[in-house]
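The file target25.txt comes next; it holds compact mmCIF, C-alpha atoms and all ligand atoms.
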# COMPACT_ATOMS: atom_id res chain seq x y z
CA MET A 1 -0.15 -25.10 27.64
CA HIS A 2 -1.18 -27.19 24.61
CA GLU A 3 -4.80 -26.86 25.53
CA ASP A 4 -4.34 -23.09 25.80
CA LYS A 5 -2.71 -22.94 22.37
CA ALA A 6 -5.63 -24.79 20.80
CA PHE A 7 -7.95 -22.40 22.57
CA LEU A 8 -5.96 -19.41 21.33
CA GLY A 9 -6.06 -20.90 17.82
CA ALA A 10 -9.77 -20.17 17.78
CA TYR A 11 -8.85 -16.54 18.50
CA GLY A 12 -6.42 -16.49 15.59
CA TRP A 13 -3.08 -17.50 17.15
CA THR A 14 -0.87 -18.68 14.27
CA ALA A 15 2.53 -20.15 13.46
CA ALA A 16 3.76 -16.59 12.81
CA HIS A 17 3.13 -15.79 16.47
CA GLU A 18 4.99 -18.96 17.51
CA GLU A 19 7.87 -17.85 15.34
CA GLU A 20 7.95 -14.39 16.91
CA LEU A 21 7.78 -16.00 20.33
CA SER A 22 10.82 -18.15 19.57
CA GLN A 23 12.77 -14.95 18.78
CA LEU A 24 11.94 -13.34 22.14
CA PRO A 25 14.13 -13.72 25.20
CA GLN A 26 12.70 -16.28 27.63
CA LEU A 27 10.08 -14.47 29.67
CA PRO A 28 7.88 -15.78 32.44
CA GLY A 29 4.20 -15.56 31.53
CA GLN A 30 1.89 -16.53 28.69
CA PRO A 31 0.47 -15.22 25.41
CA GLY A 32 -3.03 -13.86 25.07
CA ARG A 33 -5.25 -11.64 22.99
CA VAL A 34 -6.69 -8.29 24.03
CA ILE A 35 -10.45 -8.78 23.79
CA GLY A 36 -11.53 -5.58 25.47
CA GLU A 37 -10.28 -2.32 26.83
CA GLU A 38 -11.47 -0.91 30.10
CA ARG A 39 -10.51 2.27 31.79
CA GLY A 40 -8.53 0.20 34.27
CA GLY A 41 -6.60 -1.85 31.73
CA TYR A 42 -6.81 -4.49 29.05
CA GLU A 43 -8.93 -7.60 29.17
CA VAL A 44 -6.61 -10.32 27.93
CA VAL A 45 -7.77 -13.88 27.22
CA CYS A 46 -5.06 -16.50 27.69
CA GLY A 47 -6.97 -19.78 27.90
CA PRO A 48 -10.30 -21.37 28.83
CA GLY A 49 -11.74 -19.33 31.68
CA GLN A 50 -8.60 -17.21 31.86
CA VAL A 51 -9.35 -13.56 31.22
CA TRP A 52 -7.08 -11.19 33.10
CA LEU A 53 -7.24 -7.46 33.49
CA ALA A 54 -3.73 -6.44 32.47
CA GLN A 55 -1.89 -3.17 32.93
CA LEU A 56 0.90 -1.55 30.97
CA PRO A 57 4.04 -1.10 33.00
CA GLY A 58 5.40 2.44 33.12
CA GLY A 59 8.16 3.59 30.82
CA GLU A 60 8.46 5.36 27.55
CA ARG A 61 8.24 2.26 25.38
CA TRP A 62 4.49 2.63 25.13
CA SER A 63 4.38 6.39 24.87
CA ALA A 64 3.33 6.69 21.20
CA PRO A 65 -0.43 6.21 20.79
CA LEU A 66 -0.11 3.65 18.01
CA GLU A 67 2.45 1.58 19.93
CA LYS A 68 0.19 0.82 22.89
CA PRO A 69 -1.80 -2.42 22.73
CA ALA A 70 -5.38 -2.16 21.49
CA VAL A 71 -8.32 -4.51 21.10
CA GLY A 72 -7.27 -7.36 18.83
CA ASP A 73 -3.59 -7.22 19.75
CA TRP A 74 -1.64 -10.30 20.77
CA VAL A 75 0.38 -9.71 23.91
CA TRP A 76 2.62 -11.54 26.33
CA VAL A 77 1.49 -11.10 29.90
CA GLU A 78 3.14 -11.86 33.19
CA ARG A 79 1.12 -12.46 36.33
CA PHE A 80 2.48 -12.05 39.80
CA GLU A 81 1.14 -10.97 43.18
CA GLY A 82 -2.35 -10.54 41.80
CA LEU A 83 -1.14 -8.18 39.08
CA THR A 84 -1.03 -8.84 35.33
CA LEU A 85 1.45 -6.84 33.26
CA VAL A 86 1.81 -6.58 29.49
CA ARG A 87 5.43 -7.42 28.69
CA HIS A 88 5.33 -7.54 24.91
CA ARG A 89 3.03 -6.72 22.04
CA PHE A 90 3.30 -9.00 19.02
CA GLU A 91 3.75 -7.62 15.51
CA ARG A 92 0.46 -6.66 13.92
CA THR A 93 -0.87 -7.95 10.62
CA SER A 94 -3.20 -4.95 10.37
CA CYS A 95 -4.15 -1.89 12.35
CA LEU A 96 -7.34 0.04 11.71
CA VAL A 97 -6.89 3.65 12.81
CA ARG A 98 -9.36 6.48 12.95
CA LYS A 99 -9.09 10.11 13.81
CA GLY A 100 -9.87 10.43 17.51
CA VAL A 101 -12.88 12.48 18.50
CA GLY A 102 -12.40 15.53 20.68
CA GLY A 103 -9.15 17.00 21.90
CA ARG A 104 -6.52 17.40 19.22
CA GLY A 105 -8.05 14.57 17.21
CA GLY A 106 -4.92 12.45 16.98
CA PRO A 107 -4.91 8.84 15.75
CA GLN A 108 -6.87 6.18 17.65
CA ILE A 109 -6.76 2.44 17.05
CA VAL A 110 -10.14 0.91 16.31
CA GLY A 111 -8.85 -2.63 16.12
CA ALA A 112 -5.62 -4.53 15.56
CA ASN A 113 -5.09 -7.74 13.60
CA LEU A 114 -8.40 -7.58 11.79
CA ASP A 115 -8.35 -9.79 8.69
CA LYS A 116 -11.55 -8.42 7.22
CA VAL A 117 -13.71 -5.43 7.97
CA PHE A 118 -17.41 -5.40 7.21
CA VAL A 119 -18.25 -1.89 6.09
CA VAL A 120 -21.89 -1.84 7.06
CA SER A 121 -24.48 0.40 5.47
CA SER A 122 -28.25 0.06 5.57
CA LEU A 123 -30.27 -0.17 2.41
CA ASN A 124 -33.09 1.99 3.65
CA ARG A 125 -31.47 5.39 3.90
CA ASP A 126 -27.94 5.33 5.15
CA PHE A 127 -26.19 4.64 1.89
CA ASN A 128 -23.65 7.33 1.04
CA VAL A 129 -21.00 7.01 -1.67
CA ARG A 130 -18.66 9.63 -0.20
CA ARG A 131 -18.63 7.98 3.22
CA LEU A 132 -18.00 4.61 1.61
CA GLU A 133 -14.96 5.99 -0.24
CA ARG A 134 -13.50 7.19 3.04
CA LEU A 135 -14.19 3.96 4.91
CA LEU A 136 -12.74 1.80 2.15
CA ALA A 137 -9.62 3.96 2.06
CA ALA A 138 -9.22 3.55 5.83
CA VAL A 139 -9.74 -0.22 5.75
CA TRP A 140 -7.36 -0.82 2.86
CA SER A 141 -4.74 1.33 4.54
CA SER A 142 -5.11 -0.75 7.69
CA GLY A 143 -3.98 -3.92 5.95
CA ALA A 144 -7.39 -5.62 6.32
CA GLU A 145 -9.71 -6.54 3.45
CA PRO A 146 -13.04 -4.69 3.32
CA VAL A 147 -16.40 -6.32 2.51
CA VAL A 148 -19.37 -4.01 1.99
CA VAL A 149 -22.46 -5.32 3.77
CA LEU A 150 -25.78 -3.75 2.85
CA THR A 151 -28.29 -4.45 5.61
CA LYS A 152 -32.07 -4.38 6.05
CA ALA A 153 -32.84 -5.79 2.60
CA ASP A 154 -36.34 -6.61 3.90
CA LEU A 155 -37.10 -2.88 3.98
CA CYS A 156 -36.57 -2.43 0.24
CA GLU A 157 -39.99 -2.02 -1.32
CA ASP A 158 -38.66 -1.62 -4.81
CA PRO A 159 -37.00 -4.90 -5.90
CA HIS A 160 -34.41 -2.94 -7.91
CA GLU A 161 -33.28 -0.88 -4.94
CA ALA A 162 -30.71 -3.41 -3.72
CA ALA A 163 -29.31 -3.85 -7.23
CA ARG A 164 -28.94 -0.07 -7.57
CA ALA A 165 -27.07 0.11 -4.26
CA VAL A 166 -24.74 -2.73 -5.33
CA ASN A 167 -24.05 -0.83 -8.57
CA ALA A 168 -23.29 2.31 -6.61
CA VAL A 169 -20.77 0.39 -4.47
CA GLN A 170 -19.15 -0.98 -7.60
CA GLY A 171 -18.96 2.59 -8.90
CA VAL A 172 -16.77 3.36 -5.89
CA SER A 173 -14.66 0.23 -6.23
CA ARG A 174 -14.86 -2.78 -8.51
CA GLU A 175 -12.59 -4.78 -6.22
CA VAL A 176 -14.63 -4.84 -3.06
CA PRO A 177 -17.13 -7.68 -2.47
CA VAL A 178 -20.69 -6.51 -1.75
CA GLU A 179 -23.21 -8.60 0.18
CA VAL A 180 -26.89 -7.82 0.66
CA VAL A 181 -28.42 -9.19 3.85
CA SER A 182 -31.38 -8.99 6.18
CA ALA A 183 -30.81 -10.12 9.73
CA HIS A 184 -34.53 -9.84 10.48
CA HIS A 185 -35.47 -12.18 7.63
CA SER A 186 -32.27 -14.24 7.97
CA LEU A 187 -31.29 -13.57 4.37
CA GLY A 188 -27.73 -13.77 3.06
CA ARG A 189 -26.06 -15.47 6.01
CA GLU A 190 -24.29 -17.99 3.78
CA ARG A 191 -22.94 -15.10 1.69
CA LEU A 192 -21.35 -13.58 4.79
CA GLN A 193 -20.02 -16.93 5.93
CA VAL A 194 -17.80 -17.00 2.84
CA HIS A 195 -15.82 -14.22 4.50
CA LEU A 196 -15.63 -15.89 7.90
CA GLY A 197 -13.61 -18.87 9.03
CA ALA A 198 -11.65 -20.41 11.88
CA GLY A 199 -9.09 -17.96 13.24
CA VAL A 200 -10.28 -15.15 10.94
CA THR A 201 -10.98 -11.87 12.73
CA VAL A 202 -13.66 -9.61 11.33
CA GLY A 203 -14.36 -6.05 12.45
CA LEU A 204 -17.48 -4.02 11.76
CA VAL A 205 -17.65 -0.32 10.98
CA GLY A 206 -20.54 1.85 9.91
CA SER A 207 -22.78 4.57 11.28
CA SER A 208 -24.89 4.08 14.33
CA GLY A 209 -28.23 2.46 13.56
CA VAL A 210 -27.23 0.61 10.38
CA GLY A 211 -27.65 -2.74 12.12
CA LYS A 212 -24.17 -3.74 13.30
CA SER A 213 -25.24 -5.14 16.70
CA THR A 214 -28.10 -6.98 15.07
CA LEU A 215 -25.66 -8.45 12.57
CA VAL A 216 -23.33 -9.56 15.36
CA ASN A 217 -26.19 -11.20 17.27
CA TRP A 218 -27.39 -12.93 14.12
CA LEU A 219 -23.94 -14.27 13.25
CA MET A 220 -23.28 -15.32 16.83
CA GLY A 221 -26.60 -17.12 16.88
CA GLN A 222 -27.54 -15.71 20.27
CA GLU A 223 -28.26 -12.44 21.95
CA ILE A 224 -24.86 -11.02 22.84
CA MET A 225 -25.67 -7.38 23.00
CA GLU A 226 -28.88 -5.61 23.53
CA THR A 227 -29.75 -4.07 20.20
CA SER A 228 -30.26 -0.38 20.31
CA HIS A 229 -33.46 1.27 19.30
CA VAL A 230 -33.09 4.02 16.82
CA ARG A 231 -34.99 7.04 17.99
CA GLN A 232 -37.36 8.28 15.37
CA GLY A 233 -36.24 11.54 13.83
CA ASP A 234 -32.60 11.85 14.72
CA SER A 235 -31.57 8.25 13.91
CA LYS A 236 -29.22 8.18 16.88
CA GLY A 237 -28.98 4.77 18.44
CA ARG A 238 -29.03 4.14 22.17
CA HIS A 239 -26.29 1.79 23.21
CA THR A 240 -25.95 -0.31 26.27
CA THR A 241 -22.29 -1.11 25.77
CA THR A 242 -19.55 1.28 24.76
CA GLY A 243 -16.39 -0.81 24.59
CA ARG A 244 -15.12 -2.72 21.62
CA HIS A 245 -15.09 -6.44 22.16
CA LEU A 246 -13.86 -9.58 20.49
CA LEU A 247 -16.31 -12.46 20.35
CA VAL A 248 -15.56 -15.97 19.16
CA MET A 249 -18.28 -17.33 16.91
CA PRO A 250 -19.59 -20.83 17.40
CA ARG A 251 -18.51 -23.75 15.21
CA GLY A 252 -15.10 -22.37 14.26
CA ARG A 253 -16.44 -19.43 12.33
CA GLY A 254 -13.82 -17.05 13.62
CA VAL A 255 -13.80 -13.90 15.66
CA LEU A 256 -15.97 -10.79 15.48
CA MET A 257 -15.03 -7.40 16.76
CA ASP A 258 -18.02 -5.32 17.57
CA THR A 259 -17.64 -1.56 17.72
CA PRO A 260 -20.68 -0.35 19.58
CA GLY A 261 -21.17 3.33 20.13
CA MET A 262 -18.91 4.41 17.30
CA ARG A 263 -20.81 7.33 15.87
CA GLU A 264 -18.28 8.59 13.41
CA PHE A 265 -15.21 7.35 11.68
CA GLY A 266 -12.76 10.10 10.84
CA VAL A 267 -10.12 8.89 8.43
CA TRP A 268 -6.51 8.88 9.64
CA ASN A 269 -3.59 8.80 7.21
CA ALA A 270 -5.23 6.55 4.64
CA ALA A 271 -2.82 7.35 1.80
CA GLU A 272 -2.39 3.74 0.66
CA GLY A 273 -6.09 3.04 0.72
CA VAL A 274 -6.83 6.27 -1.16
CA GLU A 275 -4.66 5.04 -4.03
CA ARG A 276 -6.61 1.82 -4.09
CA VAL A 277 -10.11 3.28 -3.87
CA PHE A 278 -9.30 5.87 -6.49
CA GLY A 279 -7.24 3.62 -8.76
CA ASP A 280 -9.11 4.96 -11.79
CA ILE A 281 -8.02 8.53 -11.04
CA GLU A 282 -4.45 7.44 -10.28
CA VAL A 283 -4.29 5.75 -13.71
CA LEU A 284 -5.64 8.88 -15.41
CA ALA A 285 -3.19 11.10 -13.49
CA GLY A 286 -0.38 8.92 -14.80
CA GLN A 287 -1.46 9.86 -18.33
CA CYS A 288 -1.38 13.63 -17.77
CA ARG A 289 1.28 15.46 -19.79
CA PHE A 290 2.97 16.91 -16.71
CA ARG A 291 4.15 14.67 -13.91
CA ASP A 292 3.14 17.22 -11.28
CA CYS A 293 -0.22 18.01 -12.95
CA GLU A 294 -2.74 19.30 -10.44
CA HIS A 295 -5.63 18.61 -12.87
CA ASN A 296 -6.52 22.24 -12.71
CA GLY A 297 -6.72 23.32 -16.31
CA GLU A 298 -3.17 22.32 -17.33
CA PRO A 299 -2.79 21.34 -20.99
CA GLY A 300 -2.81 17.60 -21.74
CA CYS A 301 -4.60 16.75 -18.48
CA ALA A 302 -6.14 13.26 -18.75
CA VAL A 303 -8.22 13.80 -15.60
CA GLN A 304 -9.80 16.92 -17.08
CA ALA A 305 -10.46 15.00 -20.31
CA ALA A 306 -12.27 12.26 -18.35
CA LEU A 307 -14.34 14.90 -16.55
CA ASP A 308 -15.26 16.50 -19.89
CA ALA A 309 -16.18 13.11 -21.34
CA GLY A 310 -18.43 12.40 -18.35
CA GLU A 311 -16.35 9.35 -17.37
CA LEU A 312 -15.42 10.84 -14.01
CA SER A 313 -17.61 12.87 -11.68
CA ASP A 314 -16.60 16.15 -10.10
CA GLN A 315 -17.58 14.81 -6.67
CA ARG A 316 -15.36 11.76 -6.98
CA LEU A 317 -12.39 13.90 -8.01
CA TYR A 318 -13.11 16.30 -5.16
CA SER A 319 -13.28 13.43 -2.61
CA TYR A 320 -10.00 12.05 -3.91
CA GLN A 321 -8.21 15.38 -3.65
CA LYS A 322 -9.62 16.06 -0.20
CA LEU A 323 -8.61 12.66 1.16
CA ARG A 324 -5.12 13.03 -0.31
CA ARG A 325 -4.69 16.42 1.35
CA GLU A 326 -5.89 15.02 4.68
CA ALA A 327 -3.57 12.05 4.46
CA ALA A 328 -0.60 14.29 3.64
CA TYR A 329 -1.36 16.57 6.59
CA GLN A 330 -1.76 13.64 8.98
CA ALA A 331 1.41 11.96 7.75
CA ARG A 332 3.29 15.19 8.50
CA ARG A 333 1.79 15.25 11.98
CA GLU A 334 2.85 11.65 12.58
CA ASP A 335 6.38 12.50 11.45
CA ASP A 336 6.41 15.50 13.78
CA ASN A 337 5.22 13.30 16.64
CA GLN A 338 7.86 10.69 15.95
CA LEU A 339 10.54 13.35 15.89
CA ALA A 340 9.24 14.84 19.14
CA THR A 341 9.24 11.39 20.81
CA HIS A 342 12.77 10.73 19.56
CA LEU A 343 14.05 14.07 20.90
CA GLU A 344 12.28 13.54 24.22
CA ARG A 345 13.92 10.11 24.60
CA LYS A 346 17.32 11.60 23.84
CA ARG A 347 16.74 14.37 26.37
CA ARG A 348 15.73 11.84 29.05
CA ARG A 349 18.75 9.67 28.34
CA ARG A 350 21.06 12.67 28.61
CA PHE A 351 19.39 13.65 31.86
CA ALA A 352 19.67 10.12 33.31
CA LYS A 353 23.34 10.02 32.35
CA MET A 354 23.93 13.34 34.04
CA VAL A 355 22.16 12.16 37.21
CA ARG A 356 24.27 8.98 37.24
CA ARG A 357 27.46 10.99 36.87
CA LYS A 358 26.47 13.39 39.64
CA THR A 359 25.50 10.63 42.05
CA LYS A 360 28.79 8.85 41.38
CA GLY A 361 30.53 12.08 42.29
CA SER A 362 33.02 11.81 39.49
CA PRO A 363 32.09 14.39 36.90
CA LYS A 364 33.81 13.93 33.58
CA CYS A 365 34.53 16.75 31.21
P1 LIG B 401 -26.07 -0.47 15.19
O1 LIG B 401 -26.18 0.88 15.84
O2 LIG B 401 -25.36 -0.37 13.88
O3 LIG B 401 -25.47 -1.51 16.08
O4 LIG B 401 -27.57 -0.90 14.81
P2 LIG B 401 -28.55 -1.93 15.55
O5 LIG B 401 -28.13 -3.32 15.34
O6 LIG B 401 -28.71 -1.47 16.94
O7 LIG B 401 -29.89 -1.73 14.72
C1 LIG B 401 -30.55 -0.48 14.59
C2 LIG B 401 -32.02 -0.70 14.26
O8 LIG B 401 -32.15 -1.34 12.99
C3 LIG B 401 -32.72 -1.61 15.26
O9 LIG B 401 -33.99 -1.08 15.49
C4 LIG B 401 -32.81 -2.95 14.54
O10 LIG B 401 -33.93 -3.71 14.94
C5 LIG B 401 -32.97 -2.51 13.09
N1 LIG B 401 -32.47 -3.56 12.17
C6 LIG B 401 -31.28 -4.19 12.20
N2 LIG B 401 -31.20 -5.12 11.22
C7 LIG B 401 -32.36 -5.07 10.55
C8 LIG B 401 -32.90 -5.80 9.43
O11 LIG B 401 -32.29 -6.70 8.85
N3 LIG B 401 -34.15 -5.45 9.01
C9 LIG B 401 -34.86 -4.46 9.62
N4 LIG B 401 -36.06 -4.20 9.14
N5 LIG B 401 -34.40 -3.77 10.67
C10 LIG B 401 -33.17 -4.08 11.14
ZN ZN B 402 -3.99 16.23 -14.84
How does the structure come out when it is put into structure tokens?
Amino acid sequence: MHEDKAFLGAYGWTAAHEEELSQLPQLPGQPGRVIGEERGGYEVVCGPGQVWLAQLPGGERWSAPLEKPAVGDWVWVERFEGLTLVRHRFERTSCLVRKGVGGRGGPQIVGANLDKVFVVSSLNRDFNVRRLERLLAAVWSSGAEPVVVLTKADLCEDPHEAARAVNAVQGVSREVPVEVVSAHHSLGRERLQVHLGAGVTVGLVGSSGVGKSTLVNWLMGQEIMETSHVRQGDSKGRHTTTGRHLLVMPRGRGVLMDTPGMREFGVWNAAEGVERVFGDIEVLAGQCRFRDCEHNGEPGCAVQAALDAGELSDQRLYSYQKLRREAAYQARREDDNQLATHLERKRRRRFAKMVRRKTKGSPKC
């Protein structure tokens, strides 16, 4: 067991998990981390050479989409008769959620217990301020710390191009660290290593083709995934793997979560992060004459004054208002879902009670 704990330490097992474990009723089984998700279940690593494909037992406990384990989660698994079952999911330190693609577009977990998230953008042509605002809002809301990574520095012909991009990032947020790298020329690795460390889990998000797989391979120091080749013209990458995976980096550098095949990142309920990305606007809004100012021509509006003075751009204000509206709508939907789940549980309990009474044959009035 000790050997397993040291092994799990490299995956980020901490004293907080031990503490939570001591609060749980004694259960047969062992702790592990979800390193991958397959259609048939969760890949859970529990020790050296011990990766089990675990299933969720039935029951309503896991019915809400954000309650179910996801890649990055710590779980307690029990193995018997060739089956591995998830018995408990540990509290999360962070949970990165995006809007699911297709269907009703409900929330979908990208990764749990990420400490940092590299928001990857390529210096050649991908850079987009509006997308960055949305991604930063999502990452901050998740509880993880974002780091903006600008890739493919070797492709910059103009030496000032990288500096301009860094300035643009700082225009979005002064708080977020920005690192310029080139995996092809092995530039900036030591800058990224500042954000890595033993037991630290780092996720990567960014459009397809920006160089995420290349970055993972470079940091891992070996070929883990086959890098995609961006097709000329439509910039869509071709991916060989589709699942998210946790990889432990050599020499105690921590854990990477690769997100291959993620083409888009729709923001889900990023209210907290929105406040942080748009701190400047929140401060201005606090100075408006009316508490409920909608910054729409009201007298004494500090936001309007900043727009007039050229200190704030229309686009930034528009992004802020749009993200706030989205977050409010999604929060309402989450509340509705929670209420629906609660009512459904109550209904089932009533039904079970009724069945028990009937089968006992002693109906009570
Ligand atoms: P992903 O879709 O974000 O995982 O992107 P990939 O890692 O598959 O990279 C997309 C394309 O960008 C590939 O053709 C890579 O060879 C190329 N690429 C990645 N990093 C660099 C870099 O540092 N410099 C240059 N010039 N090309 C890069
Ligand atoms: Zn106002």
Within 10 Å of ligand ZN 402 (chain B) (counting all atoms listed in the file), which residues show up? I'd like them as number ranges by chain. A: 281-282, 284-306
Of the candidates A:Glu43, A:Asp335, A:Asp154, A:Glu326, which one gets nearest to Asp73 of chain A if we count all atoms listed in the file? A:Glu43
I want to know what sits within 12 Å of Ser319 of chain A, based on only C-alpha atoms, with residues of the same chain fewer than 4 positions away left out; could you give that as a list in words? Val129, Arg130, Arg131, Leu132, Glu133, Arg134, Ala137, Val172, Val274, Val277, Phe278, Ile281, Leu312, Ser313, Asp314, Gln315, Leu323, Arg324, Arg325 and Glu326 of chain A
Within 9 Å of file point (-31.5, 0.5, 2.4), counting only C-alpha atoms, expressed as JSON, numbers by chain: {"A": [121, 122, 123, 124, 125, 126, 127, 150, 151, 152, 153, 154, 155, 156, 161, 162, 165]}
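Taking atom CA of Gly36 of chain A and atom CA of Gly188 of chain A as endpoints, the distance between them is 28.8 Å.
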Which residues are close to Gly254 of chain A, i.e. within 12 Å by all atoms listed in the file, leaving aside same-chain residues fewer than 5 positions away? Reply as a PDB file with C-alpha atoms, in the coordinates of the input.
ATOM      1  CA  PHE A   7      -7.950 -22.400  22.570  1.00  0.00           C
ATOM      2  CA  LEU A   8      -5.960 -19.410  21.330  1.00  0.00           C
ATOM      3  CA  GLY A   9      -6.060 -20.900  17.820  1.00  0.00           C
ATOM      4  CA  ALA A  10      -9.770 -20.170  17.780  1.00  0.00           C
ATOM      5  CA  TYR A  11      -8.850 -16.540  18.500  1.00  0.00           C
ATOM      6  CA  GLY A  12      -6.420 -16.490  15.590  1.00  0.00           C
ATOM      7  CA  TRP A  13      -3.080 -17.500  17.150  1.00  0.00           C
ATOM      8  CA  LEU A 114      -8.400  -7.580  11.790  1.00  0.00           C
ATOM      9  CA  ASP A 115      -8.350  -9.790   8.690  1.00  0.00           C
ATOM     10  CA  LYS A 116     -11.550  -8.420   7.220  1.00  0.00           C
ATOM     11  CA  GLN A 193     -20.020 -16.930   5.930  1.00  0.00           C
ATOM     12  CA  VAL A 194     -17.800 -17.000   2.840  1.00  0.00           C
ATOM     13  CA  HIS A 195     -15.820 -14.220   4.500  1.00  0.00           C
ATOM     14  CA  LEU A 196     -15.630 -15.890   7.900  1.00  0.00           C
ATOM     15  CA  GLY A 197     -13.610 -18.870   9.030  1.00  0.00           C
ATOM     16  CA  ALA A 198     -11.650 -20.410  11.880  1.00  0.00           C
ATOM     17  CA  GLY A 199      -9.090 -17.960  13.240  1.00  0.00           C
ATOM     18  CA  VAL A 200     -10.280 -15.150  10.940  1.00  0.00           C
ATOM     19  CA  THR A 201     -10.980 -11.870  12.730  1.00  0.00           C
ATOM     20  CA  VAL A 202     -13.660  -9.610  11.330  1.00  0.00           C
ATOM     21  CA  GLY A 203     -14.360  -6.050  12.450  1.00  0.00           C
ATOM     22  CA  LEU A 219     -23.940 -14.270  13.250  1.00  0.00           C
ATOM     23  CA  MET A 220     -23.280 -15.320  16.830  1.00  0.00           C
ATOM     24  CA  LEU A 246     -13.860  -9.580  20.490  1.00  0.00           C
ATOM     25  CA  LEU A 247     -16.310 -12.460  20.350  1.00  0.00           C
ATOM     26  CA  VAL A 248     -15.560 -15.970  19.160  1.00  0.00           C
ATOM     27  CA  MET A 249     -18.280 -17.330  16.910  1.00  0.00           C
TER      28      MET A 249
END
Provide an axis-aligned box for all listed atoms of ligand LIG 401 (chain B), padding each side by 5 Å; report its centre and its edge lengths in Å to one decimal, as JSON.
{"center_x": -30.7, "center_y": -2.9, "center_z": 12.9, "size_x": 20.7, "size_y": 17.6, "size_z": 18.1}
Using all atoms listed in the file for the distances, tell me which of A:Gly252, A:Gly310, A:Gly266, A:Gly273 is nearest to Val101 of chain A.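 With all atoms listed in the file as the atom set, the closest residue is A:Gly266.
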Quick check, in Å to one decimal: how far apart do atom CA of Pro65 of chain A and atom CA of Pro107 of chain A lie? 7.2 Å
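Minimum atom-to-atom distances from A:Asn337, A:Ser94, A:Ser142, A:Thr84 to Pro28 of chain A were compared using all atoms listed in the file, and the lowest value belongs to A:Thr84.
Across the structure, atom CA of Ala6 of chain A and atom CA of Leu215 of chain A are spaced 27.1 Å apart.
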From the set A:Arg79, A:Ser63, A:Phe90, A:Val34, which residue has the shortest atom-to-atom contact distance to Thr14 of chain A, counting all atoms listed in the file?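 Nearest to Thr14 of chain A: A:Phe90.
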